[in-house]
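What follows is the content of work_27.tsv (TSV, C-alpha atoms and all ligand atoms).
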```
chain	number	residue	atom	x	y	z
A	265	MET	CA	-17.27	8.66	3.39
A	266	ASP	CA	-17.75	9.73	7.01
A	267	ASN	CA	-15.77	9.11	10.17
A	268	LEU	CA	-12.66	7.81	8.41
A	269	GLY	CA	-10.70	8.22	11.63
A	270	THR	CA	-12.64	5.47	13.39
A	271	THR	CA	-10.67	2.87	11.40
A	272	LEU	CA	-7.46	4.32	12.86
A	273	ALA	CA	-8.93	4.18	16.37
A	274	THR	CA	-9.85	0.52	15.88
A	275	LEU	CA	-6.38	-0.27	14.58
A	276	ARG	CA	-4.66	1.39	17.51
A	277	SER	CA	-6.84	-0.42	20.02
A	278	THR	CA	-5.99	-3.81	18.52
A	279	ALA	CA	-2.37	-3.32	17.27
A	280	PRO	CA	-2.67	-5.97	14.54
A	281	LEU	CA	0.31	-8.15	13.67
A	282	VAL	CA	1.18	-7.44	10.03
A	283	GLN	CA	3.47	-9.86	8.21
A	284	CYS	CA	5.50	-8.20	5.47
A	285	ILE	CA	7.24	-10.00	2.64
A	286	THR	CA	8.81	-6.86	1.34
A	287	ASN	CA	11.97	-5.62	-0.32
A	288	PHE	CA	15.33	-4.90	1.28
A	289	VAL	CA	14.92	-1.16	0.71
A	290	ALA	CA	11.55	-1.02	2.45
A	291	MET	CA	12.03	-3.36	5.40
A	292	ASN	CA	13.24	-0.81	7.93
A	293	VAL	CA	11.06	2.03	6.66
A	294	SER	CA	7.92	-0.16	6.64
A	295	ALA	CA	8.55	-1.51	10.13
A	296	ASN	CA	8.93	2.01	11.48
A	297	VAL	CA	5.81	3.19	9.64
A	298	LEU	CA	3.74	0.30	11.01
A	299	LEU	CA	4.95	0.97	14.55
A	300	ALA	CA	4.15	4.67	14.23
A	301	VAL	CA	0.69	3.84	12.90
A	302	GLY	CA	0.06	1.58	15.90
A	303	ALA	CA	0.43	-1.89	14.36
A	304	SER	CA	3.01	-4.60	15.00
A	305	PRO	CA	5.26	-5.40	12.01
A	306	ALA	CA	7.15	-8.62	11.28
A	307	MET	CA	9.32	-9.19	8.22
A	308	VAL	CA	9.18	-12.95	7.64
A	309	HIS	CA	9.81	-14.57	4.27
A	310	ALA	CA	11.80	-17.86	4.55
A	311	ARG	CA	9.91	-20.74	2.93
A	312	GLU	CA	10.61	-22.84	6.03
A	313	GLU	CA	8.46	-20.58	8.24
A	314	VAL	CA	6.45	-18.23	6.08
A	315	ALA	CA	3.20	-20.23	6.15
A	316	GLU	CA	3.46	-21.01	9.86
A	317	PHE	CA	3.96	-17.32	10.59
A	318	ALA	CA	1.06	-16.34	8.34
A	319	GLY	CA	-1.10	-18.42	10.67
A	320	LEU	CA	-0.27	-15.89	13.41
A	321	ALA	CA	-0.56	-12.66	11.41
A	322	GLN	CA	-3.76	-10.63	11.15
A	323	ALA	CA	-2.79	-9.27	7.71
A	324	LEU	CA	-0.13	-9.78	5.06
A	325	CYS	CA	1.67	-7.36	2.82
A	326	VAL	CA	3.40	-8.73	-0.30
A	327	ASN	CA	5.86	-6.56	-2.24
A	328	ILE	CA	7.91	-7.62	-5.28
A	329	GLY	CA	10.51	-4.83	-5.04
A	330	THR	CA	13.60	-7.03	-4.66
A	331	LEU	CA	12.15	-10.26	-5.90
A	332	ASP	CA	13.84	-13.63	-6.23
A	333	PRO	CA	12.40	-17.09	-6.99
A	334	ALA	CA	12.48	-18.27	-3.37
A	335	TRP	CA	10.62	-15.17	-2.22
A	336	ALA	CA	8.06	-15.59	-5.00
A	337	GLU	CA	7.34	-19.09	-3.72
A	338	ALA	CA	7.17	-17.86	-0.13
A	339	MET	CA	4.66	-15.17	-1.14
A	340	GLU	CA	2.28	-17.73	-2.58
A	341	MET	CA	2.65	-19.94	0.50
A	342	ALA	CA	1.78	-17.09	2.87
A	343	VAL	CA	-1.08	-15.88	0.70
A	344	GLN	CA	-2.67	-19.35	0.69
A	345	VAL	CA	-2.82	-19.22	4.49
A	346	MET	CA	-4.47	-15.79	4.48
A	347	ILE	CA	-7.03	-16.93	1.91
A	348	ALA	CA	-7.88	-20.05	3.90
A	349	SER	CA	-8.58	-17.95	7.00
A	350	GLY	CA	-10.27	-15.02	5.24
A	351	ARG	CA	-7.70	-12.49	6.36
A	352	PRO	CA	-6.62	-9.52	4.20
A	353	TRP	CA	-3.52	-9.40	2.03
A	354	VAL	CA	-2.20	-6.50	0.01
A	355	LEU	CA	-0.11	-6.62	-3.17
A	356	ASP	CA	2.45	-3.95	-4.13
A	357	PRO	CA	3.54	-4.60	-7.76
A	358	VAL	CA	6.78	-2.60	-7.56
A	359	GLY	CA	8.29	-2.03	-11.01
A	360	VAL	CA	6.04	-4.70	-12.55
A	361	GLY	CA	6.38	-3.21	-16.02
A	362	ALA	CA	10.15	-3.60	-16.03
A	363	THR	CA	10.72	-7.35	-16.49
A	364	GLN	CA	8.98	-10.56	-17.54
A	365	PHE	CA	9.84	-12.17	-14.19
A	366	ARG	CA	7.92	-9.48	-12.30
A	367	ARG	CA	4.96	-9.77	-14.67
A	368	ASP	CA	4.86	-13.57	-14.28
A	369	VAL	CA	5.00	-13.45	-10.48
A	370	CYS	CA	2.31	-10.75	-10.34
A	371	ALA	CA	0.08	-12.78	-12.66
A	372	ARG	CA	0.34	-15.74	-10.27
A	373	LEU	CA	-0.34	-13.52	-7.25
A	374	MET	CA	-3.30	-11.79	-8.88
A	375	ALA	CA	-4.86	-15.19	-9.56
A	376	LEU	CA	-4.92	-15.57	-5.75
A	377	ARG	CA	-7.23	-12.55	-5.52
A	378	PRO	CA	-5.53	-9.91	-3.36
A	379	THR	CA	-7.75	-7.99	-0.96
A	380	VAL	CA	-6.10	-4.74	-2.07
A	381	ILE	CA	-3.66	-3.89	-4.86
A	382	ARG	CA	-1.86	-0.54	-4.40
A	383	GLY	CA	0.67	0.77	-6.86
A	384	ASN	CA	1.65	3.97	-8.57
A	385	ALA	CA	0.09	4.84	-11.92
A	386	SER	CA	2.79	3.22	-14.06
A	387	GLU	CA	2.56	0.00	-12.04
A	388	ILE	CA	-1.24	-0.20	-12.26
A	389	LEU	CA	-1.10	0.42	-16.02
A	390	ALA	CA	1.51	-2.33	-16.45
A	391	LEU	CA	-0.40	-4.75	-14.22
A	392	ALA	CA	-3.51	-4.24	-16.34
A	393	GLY	CA	-1.51	-4.94	-19.50
A	394	MET	CA	-1.73	-1.34	-20.67
A	395	GLY	CA	1.98	-0.60	-20.87
A	396	GLY	CA	2.80	2.45	-18.81
A	397	ALA	CA	5.94	4.55	-19.04
A	398	GLY	CA	7.52	3.39	-15.77
A	399	ARG	CA	11.01	1.91	-15.91
A	400	GLY	CA	11.58	1.10	-12.25
A	401	ALA	CA	10.01	1.83	-8.88
A	402	ASP	CA	8.94	5.41	-9.69
A	403	SER	CA	5.88	6.44	-11.65
A	404	ALA	CA	6.13	8.13	-15.05
A	405	ASP	CA	2.38	8.40	-15.65
A	406	PRO	CA	-0.38	10.57	-14.17
A	407	VAL	CA	-2.92	8.91	-11.86
A	408	THR	CA	-5.80	9.79	-14.20
A	409	ALA	CA	-4.17	7.71	-16.98
A	410	ALA	CA	-4.44	4.61	-14.78
A	411	GLU	CA	-8.01	5.03	-13.51
A	412	ALA	CA	-9.64	2.88	-16.20
A	413	SER	CA	-6.96	0.21	-15.68
A	414	ALA	CA	-7.63	0.27	-11.92
A	415	GLN	CA	-11.31	-0.29	-12.51
A	416	ASP	CA	-10.60	-3.10	-14.96
A	417	LEU	CA	-8.20	-4.78	-12.52
A	418	ALA	CA	-10.70	-4.48	-9.69
A	419	LEU	CA	-13.42	-6.15	-11.74
A	420	ARG	CA	-11.05	-8.88	-12.97
A	421	THR	CA	-9.51	-9.75	-9.60
A	422	GLY	CA	-12.14	-8.78	-7.01
A	423	ALA	CA	-9.53	-6.56	-5.33
A	424	VAL	CA	-9.86	-2.99	-4.20
A	425	VAL	CA	-7.33	-1.19	-6.42
A	426	ALA	CA	-5.58	2.01	-5.32
A	427	VAL	CA	-3.48	4.19	-7.61
A	428	SER	CA	-1.27	6.50	-5.54
A	429	GLY	CA	0.04	9.88	-6.61
A	430	PRO	CA	-0.70	13.58	-6.07
A	431	VAL	CA	-4.41	12.66	-5.91
A	432	ASP	CA	-4.97	8.97	-5.16
A	433	TYR	CA	-7.72	6.97	-6.87
A	434	VAL	CA	-9.38	3.99	-5.17
A	435	THR	CA	-11.98	1.66	-6.63
A	436	ASP	CA	-13.62	-1.70	-6.11
A	437	GLY	CA	-14.75	-1.63	-9.73
A	438	VAL	CA	-18.18	-0.26	-8.85
A	439	GLN	CA	-17.55	2.72	-6.59
A	440	ALA	CA	-14.52	5.01	-6.84
A	441	PHE	CA	-13.02	7.73	-4.63
A	442	ARG	CA	-10.26	10.30	-4.90
A	443	VAL	CA	-8.03	11.19	-1.95
A	444	ALA	CA	-6.31	14.56	-2.29
A	445	ASN	CA	-4.16	14.50	0.86
A	446	GLY	CA	-0.37	14.35	0.56
A	447	ASP	CA	2.80	16.32	-0.03
A	448	ALA	CA	5.15	16.55	-3.01
A	449	LEU	CA	8.10	15.34	-0.92
A	450	MET	CA	6.50	11.93	-0.34
A	451	PRO	CA	7.74	10.38	-3.61
A	452	ARG	CA	11.23	11.78	-2.83
A	453	VAL	CA	11.63	9.41	0.11
A	454	THR	CA	12.23	5.79	-0.86
A	455	ALA	CA	9.84	3.09	0.28
A	456	LEU	CA	7.03	5.40	1.40
A	457	GLY	CA	4.79	3.71	-1.18
A	458	CYS	CA	5.86	0.25	-0.01
A	459	SER	CA	5.22	1.25	3.59
A	460	LEU	CA	1.79	2.59	2.66
A	461	ASN	CA	0.84	-0.96	1.68
A	462	GLY	CA	1.67	-2.18	5.17
A	463	ALA	CA	-0.54	0.57	6.59
A	464	ILE	CA	-3.37	-0.42	4.23
A	465	ALA	CA	-3.03	-4.05	5.38
A	466	ALA	CA	-3.28	-2.93	9.02
A	467	PHE	CA	-6.34	-0.75	8.29
A	468	ALA	CA	-8.05	-3.66	6.49
A	469	VAL	CA	-7.99	-5.97	9.52
A	470	GLY	CA	-11.65	-6.65	10.37
A	471	GLN	CA	-12.78	-3.74	8.14
A	472	PRO	CA	-14.30	-3.67	4.64
A	473	ALA	CA	-11.45	-3.16	2.19
A	474	LEU	CA	-12.75	-0.12	0.29
A	475	PRO	CA	-13.33	2.29	3.22
A	476	ALA	CA	-10.25	0.89	4.99
A	477	THR	CA	-8.06	1.71	1.97
A	478	VAL	CA	-9.54	5.20	1.59
A	479	ALA	CA	-8.99	5.85	5.30
A	480	ALA	CA	-5.39	4.62	5.15
A	481	LEU	CA	-4.63	6.85	2.15
A	482	ALA	CA	-6.20	9.93	3.74
A	483	TYR	CA	-4.35	9.37	7.01
A	484	TYR	CA	-1.04	8.76	5.22
A	485	GLY	CA	-1.48	11.86	3.08
A	486	LEU	CA	-2.40	13.93	6.13
A	487	ALA	CA	0.83	12.82	7.79
A	488	GLY	CA	2.64	14.05	4.68
A	489	GLU	CA	0.87	17.41	4.98
A	490	ARG	CA	1.86	17.68	8.64
A	491	ALA	CA	5.50	16.93	7.75
A	492	ALA	CA	5.51	19.52	4.95
A	493	GLY	CA	7.90	22.39	5.46
A	494	ALA	CA	10.84	20.09	6.11
A	495	ALA	CA	14.09	21.30	4.55
A	496	GLY	CA	14.28	18.21	2.31
A	497	PRO	CA	13.62	14.45	2.07
A	498	GLY	CA	15.84	13.54	5.05
A	499	SER	CA	14.12	15.59	7.70
A	500	PHE	CA	10.78	15.03	5.95
A	501	GLN	CA	11.08	11.30	6.59
A	502	VAL	CA	11.60	11.89	10.31
A	503	ALA	CA	8.76	14.41	10.52
A	504	PHE	CA	6.50	12.07	8.55
A	505	LEU	CA	7.00	9.25	11.08
A	506	ASP	CA	6.26	11.65	13.93
A	507	ALA	CA	3.12	12.82	12.14
A	508	LEU	CA	1.84	9.25	11.63
A	509	TYR	CA	2.33	8.71	15.33
A	510	SER	CA	0.70	11.95	16.51
A	511	LEU	CA	-2.33	12.23	14.20
A	512	THR	CA	-5.56	11.49	16.05
A	513	PRO	CA	-8.65	9.72	14.64
A	514	GLN	CA	-10.54	13.03	14.99
A	515	GLU	CA	-7.90	14.86	12.94
A	516	VAL	CA	-8.13	12.20	10.23
A	517	THR	CA	-11.90	12.52	10.03
A	518	ALA	CA	-11.66	16.33	9.90
A	519	GLY	CA	-8.72	16.58	7.48
A	520	ALA	CA	-9.49	13.82	4.96
A	521	LYS	CA	-9.94	15.26	1.45
A	522	VAL	CA	-12.03	12.46	-0.02
A	523	SER	CA	-14.47	12.82	-2.89
A	524	ARG	CA	-16.49	10.41	-4.96
A	525	ALA	CA	-14.99	9.92	-8.44
B	601	LIG	N1	3.16	14.65	-5.85
B	601	LIG	C1	2.55	14.20	-4.75
B	601	LIG	N2	1.87	15.04	-3.95
B	601	LIG	C2	1.28	14.59	-2.83
B	601	LIG	N3	1.30	13.30	-2.42
B	601	LIG	C3	1.94	12.40	-3.17
B	601	LIG	C4	2.60	12.80	-4.39
B	601	LIG	N4	3.15	11.70	-4.94
B	601	LIG	C5	2.88	10.67	-4.12
B	601	LIG	N5	2.14	11.08	-3.05
B	601	LIG	C6	1.71	10.25	-1.92
B	601	LIG	O1	2.83	9.45	-1.56
B	601	LIG	C7	2.42	8.17	-1.10
B	601	LIG	C8	3.19	7.10	-1.88
B	601	LIG	O2	2.72	7.12	-3.20
B	601	LIG	P1	3.65	6.94	-4.47
B	601	LIG	O3	4.80	7.88	-4.42
B	601	LIG	O4	2.75	7.03	-5.66
B	601	LIG	O5	4.10	5.44	-4.31
B	601	LIG	P2	5.39	4.70	-4.87
B	601	LIG	O6	6.48	5.10	-3.95
B	601	LIG	O7	5.04	3.27	-4.77
B	601	LIG	O8	5.61	5.17	-6.28
B	601	LIG	C9	0.90	8.14	-1.28
B	601	LIG	O9	0.31	8.41	-0.03
B	601	LIG	C10	0.61	9.27	-2.25
B	601	LIG	O10	-0.66	9.84	-2.03
B	602	LIG	C1	14.21	1.70	-5.00
B	602	LIG	C2	13.70	0.31	-4.95
B	602	LIG	N1	14.25	-0.67	-5.73
B	602	LIG	C3	13.68	-1.84	-5.55
B	602	LIG	S1	12.45	-1.81	-4.39
B	602	LIG	C4	12.68	-0.14	-4.14
B	602	LIG	C5	11.87	0.63	-3.18
B	602	LIG	C6	10.70	1.26	-3.84
B	602	LIG	O1	9.90	1.90	-2.89
B	602	LIG	P1	8.70	2.84	-3.28
B	602	LIG	O2	7.92	2.16	-4.35
B	602	LIG	O3	7.89	2.93	-2.04
B	602	LIG	O4	9.28	4.15	-3.70
B	603	MG	MG	6.13	1.66	-4.98
```

Starting from the file, give its structure as structure tokens.
Ligand SMILES: Nc1ncnc2c1ncn2[C@@H]1O[C@H](COP(=O)(O)OP(=O)(O)O)[C@@H](O)[C@H]1O
Ligand SMILES: Cc1ncsc1CCOP(=O)(O)O
Ligand SMILES: [Mg+2]
Amino acid sequence: MDNLGTTLATLRSTAPLVQCITNFVAMNVSANVLLAVGASPAMVHAREEVAEFAGLAQALCVNIGTLDPAWAEAMEMAVQVMIASGRPWVLDPVGVGATQFRRDVCARLMALRPTVIRGNASEILALAGMGGAGRGADSADPVTAAEASAQDLALRTGAVVAVSGPVDYVTDGVQAFRVANGDALMPRVTALGCSLNGAIAAFAVGQPALPATVAALAYYGLAGERAAGAAGPGSFQVAFLDALYSLTPQEVTAGAKVSRA
């Protein structure tokens, strides 16, 4: 894939409004990530306004991290609006393997055909019905173990499916790519995966989902590489935000480590 940075340039010139129905842990982190990327975040989830707001948003990010029944209903209401207007929405199945409630809500959301599903390897395995060793929000499986499940999910749902980890895997069920950018401190900062989904949603505005997702992953990983060398997760998080903000489209194109799988 060439010129991955052009997607970032497009995003920054349009500053898309991204609605996030996300968890309490990720709200602040995701909003800061989206602002650093160049998008405009809004965390809106009350059933009384969620559909009306979705009519204003250019993309939607749905995350089940701190789920409750009212939020689950609100997610479906917002998604219906995005579907009706052909705008992208991204699903993050946080900890889906842990409880029946999460599995049921994700099954309903997957039936609404997400544009992109991004999770860690344990989450993608669980979503595909293949078990997975994850017990909570963190992965306990290697990315390679979830590649077949990602392909299966993509074919079943029509979504682009991304498995994040040391080397990310992205597929639409037909083509597949690996993205080798990133840093080992990224999974040591909470909500960086959740916030990645907001970035993917912003990249997918007006762009085909597969290259947009690959570009978002490469850019995000490059920001991790630029932040590397921090003393630990605390200063890494600050440096990571600065790196998202300062990376140029040209640097993304030049630094992306993307290969066909
Ligand atoms: N060990 C690692 N080395 C480099 N990058 C990583 C590593 N683990 C995760 N990442 C990156 O961190 C980001 C979040 O992914 P991940 O930690 O898998 O999500 P989650 O927080 O949902 O489990 C992705 O951009 C991914 O590429
Ligand atoms: C710790 C935690 N608990 C519920 S949601 C959440 C955040 C998970 O964020 P991420 O998947 O990006 O690490
Ligand atoms: Mg996650």

Practice task
Find the spatial neighbours of segment 291-306 of chain A, counting only C-alpha atoms, within a cut-off of 7 Å - ignore same-chain residues fewer than 2 positions away - and output them as a ChimeraX atom specification.
Solution key: /A:275-276,279-284,286-289,308,455,458-459,462-463,466,505,508-509

Problem - Residue neighbourhood segment 438-442 of chain A, 12 Å, all atoms listed in the file, exclusion window fewer than 6 positions, as a ChimeraX atom specification - result: /A:265,407-408,411-412,414-420,422-432,474-475,477-479,481-482,485,520-525

Would you save the residues from that selection as a PDB file, keeping the file's coordinate frame, using C-alpha atoms?
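Written out: selection-v2.pdb:
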```pdb
ATOM      1  CA  MET A 265     -17.270   8.660   3.390  1.00  0.00           C
ATOM      2  CA  VAL A 407      -2.920   8.910 -11.860  1.00  0.00           C
ATOM      3  CA  THR A 408      -5.800   9.790 -14.200  1.00  0.00           C
ATOM      4  CA  GLU A 411      -8.010   5.030 -13.510  1.00  0.00           C
ATOM      5  CA  ALA A 412      -9.640   2.880 -16.200  1.00  0.00           C
ATOM      6  CA  ALA A 414      -7.630   0.270 -11.920  1.00  0.00           C
ATOM      7  CA  GLN A 415     -11.310  -0.290 -12.510  1.00  0.00           C
ATOM      8  CA  ASP A 416     -10.600  -3.100 -14.960  1.00  0.00           C
ATOM      9  CA  LEU A 417      -8.200  -4.780 -12.520  1.00  0.00           C
ATOM     10  CA  ALA A 418     -10.700  -4.480  -9.690  1.00  0.00           C
ATOM     11  CA  LEU A 419     -13.420  -6.150 -11.740  1.00  0.00           C
ATOM     12  CA  ARG A 420     -11.050  -8.880 -12.970  1.00  0.00           C
ATOM     13  CA  GLY A 422     -12.140  -8.780  -7.010  1.00  0.00           C
ATOM     14  CA  ALA A 423      -9.530  -6.560  -5.330  1.00  0.00           C
ATOM     15  CA  VAL A 424      -9.860  -2.990  -4.200  1.00  0.00           C
ATOM     16  CA  VAL A 425      -7.330  -1.190  -6.420  1.00  0.00           C
ATOM     17  CA  ALA A 426      -5.580   2.010  -5.320  1.00  0.00           C
ATOM     18  CA  VAL A 427      -3.480   4.190  -7.610  1.00  0.00           C
ATOM     19  CA  SER A 428      -1.270   6.500  -5.540  1.00  0.00           C
ATOM     20  CA  GLY A 429       0.040   9.880  -6.610  1.00  0.00           C
ATOM     21  CA  PRO A 430      -0.700  13.580  -6.070  1.00  0.00           C
ATOM     22  CA  VAL A 431      -4.410  12.660  -5.910  1.00  0.00           C
ATOM     23  CA  ASP A 432      -4.970   8.970  -5.160  1.00  0.00           C
ATOM     24  CA  LEU A 474     -12.750  -0.120   0.290  1.00  0.00           C
ATOM     25  CA  PRO A 475     -13.330   2.290   3.220  1.00  0.00           C
ATOM     26  CA  THR A 477      -8.060   1.710   1.970  1.00  0.00           C
ATOM     27  CA  VAL A 478      -9.540   5.200   1.590  1.00  0.00           C
ATOM     28  CA  ALA A 479      -8.990   5.850   5.300  1.00  0.00           C
ATOM     29  CA  LEU A 481      -4.630   6.850   2.150  1.00  0.00           C
ATOM     30  CA  ALA A 482      -6.200   9.930   3.740  1.00  0.00           C
ATOM     31  CA  GLY A 485      -1.480  11.860   3.080  1.00  0.00           C
ATOM     32  CA  ALA A 520      -9.490  13.820   4.960  1.00  0.00           C
ATOM     33  CA  LYS A 521      -9.940  15.260   1.450  1.00  0.00           C
ATOM     34  CA  VAL A 522     -12.030  12.460  -0.020  1.00  0.00           C
ATOM     35  CA  SER A 523     -14.470  12.820  -2.890  1.00  0.00           C
ATOM     36  CA  ARG A 524     -16.490  10.410  -4.960  1.00  0.00           C
ATOM     37  CA  ALA A 525     -14.990   9.920  -8.440  1.00  0.00           C
TER      38      ALA A 525
END
```

Specify the axis-aligned box that encloses all atoms of ligand LIG 602 (chain B) listed in the file after padding of 3 Å on each side, stating its centre and edge lengths in Å to one decimal as AutoDock Vina command-line options.
```
--center_x 11.1 --center_y 1.2 --center_z -3.9 --size_x 12.4 --size_y 12.0 --size_z 9.7
```

Exercise for the section: Quote the spacing between atom CA of Pro513 of chain A and atom CA of Ile464 of chain A in Å to one decimal place. Expected result: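 Interatomic distance here is 15.5 Å.
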
Practice task
Could you give me, as a PyMOL selection string, every polymer residue with an atom at most 8 Å away from an atom of ligand LIG 601 (chain B), counting only C-alpha atoms and all ligand atoms?
Solution key: chain A and resi 356+358+382-385+401-403+427-432+443-458+460+481-482+484-485+488

Exercise for the section: Point out the residue among A:Gln471, A:Asn327, A:Ser349, A:Thr379 with the least atom-to-atom distance to Arg366 of chain A, counting all atoms listed in the file. Expected result: A:Asn327

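You will find atom CA of Phe467 of chain A at 16.4 Å from atom CA of Glu515 of chain A.
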
Exercise for the section: Find the distance between atom CA of Arg372 of chain A and atom CA of Gly393 of chain A and write it in Å to one decimal. Expected result: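 Straight-line distance from atom CA of Arg372 of chain A to atom CA of Gly393 of chain A works out to 14.3 Å.
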
Practice task
Up to 12 Å from (7.6, -20.4, -5.9) in the file's coordinates: name the residues, counting only C-alpha atoms, as a PyMOL selection string.
Solution key: chain A and resi 309-311+331-343+365+368-370+372-373

Handout entry: Proximity to ligand MG 603 (chain B) - best of A:Ile347, A:Ala318, A:Ile285, A:Val360, all atoms listed in the file
Key =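 Of A:Ile347, A:Ala318, A:Ile285, A:Val360, the one nearest ligand MG 603 (chain B) is A:Val360, counting all atoms listed in the file.
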
Exercise for the section: Determine the nearest neighbour of ligand MG 603 (chain B) from the options A:Met374, A:Ala321, A:Ile381, A:Ala476, counting all atoms listed in the file. Expected result: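 The closest residue to ligand MG 603 (chain B) is A:Ile381.
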
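Residue nearest ligand MG 603 (chain B) within the list A:Ala362, A:Met307, A:Ala290, A:Ala348: A:Ala290 [criterion: smallest interatomic distance, all atoms listed in the file].
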
Handout entry: Shortest interatomic distance to ligand MG 603 (chain B) - which of A:Gln364, A:Gln514, A:Gln501, A:Ser386, counting all atoms listed in the file
Key =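 Of all the options, A:Ser386 lies closest to ligand MG 603 (chain B).
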
Fill in the blank from the handout: Counting all atoms listed in the file, the residue among A:Asn461, A:Thr270, A:Ala409, A:Trp353 that lies closest to ligand MG 603 (chain B) is A:Asn461
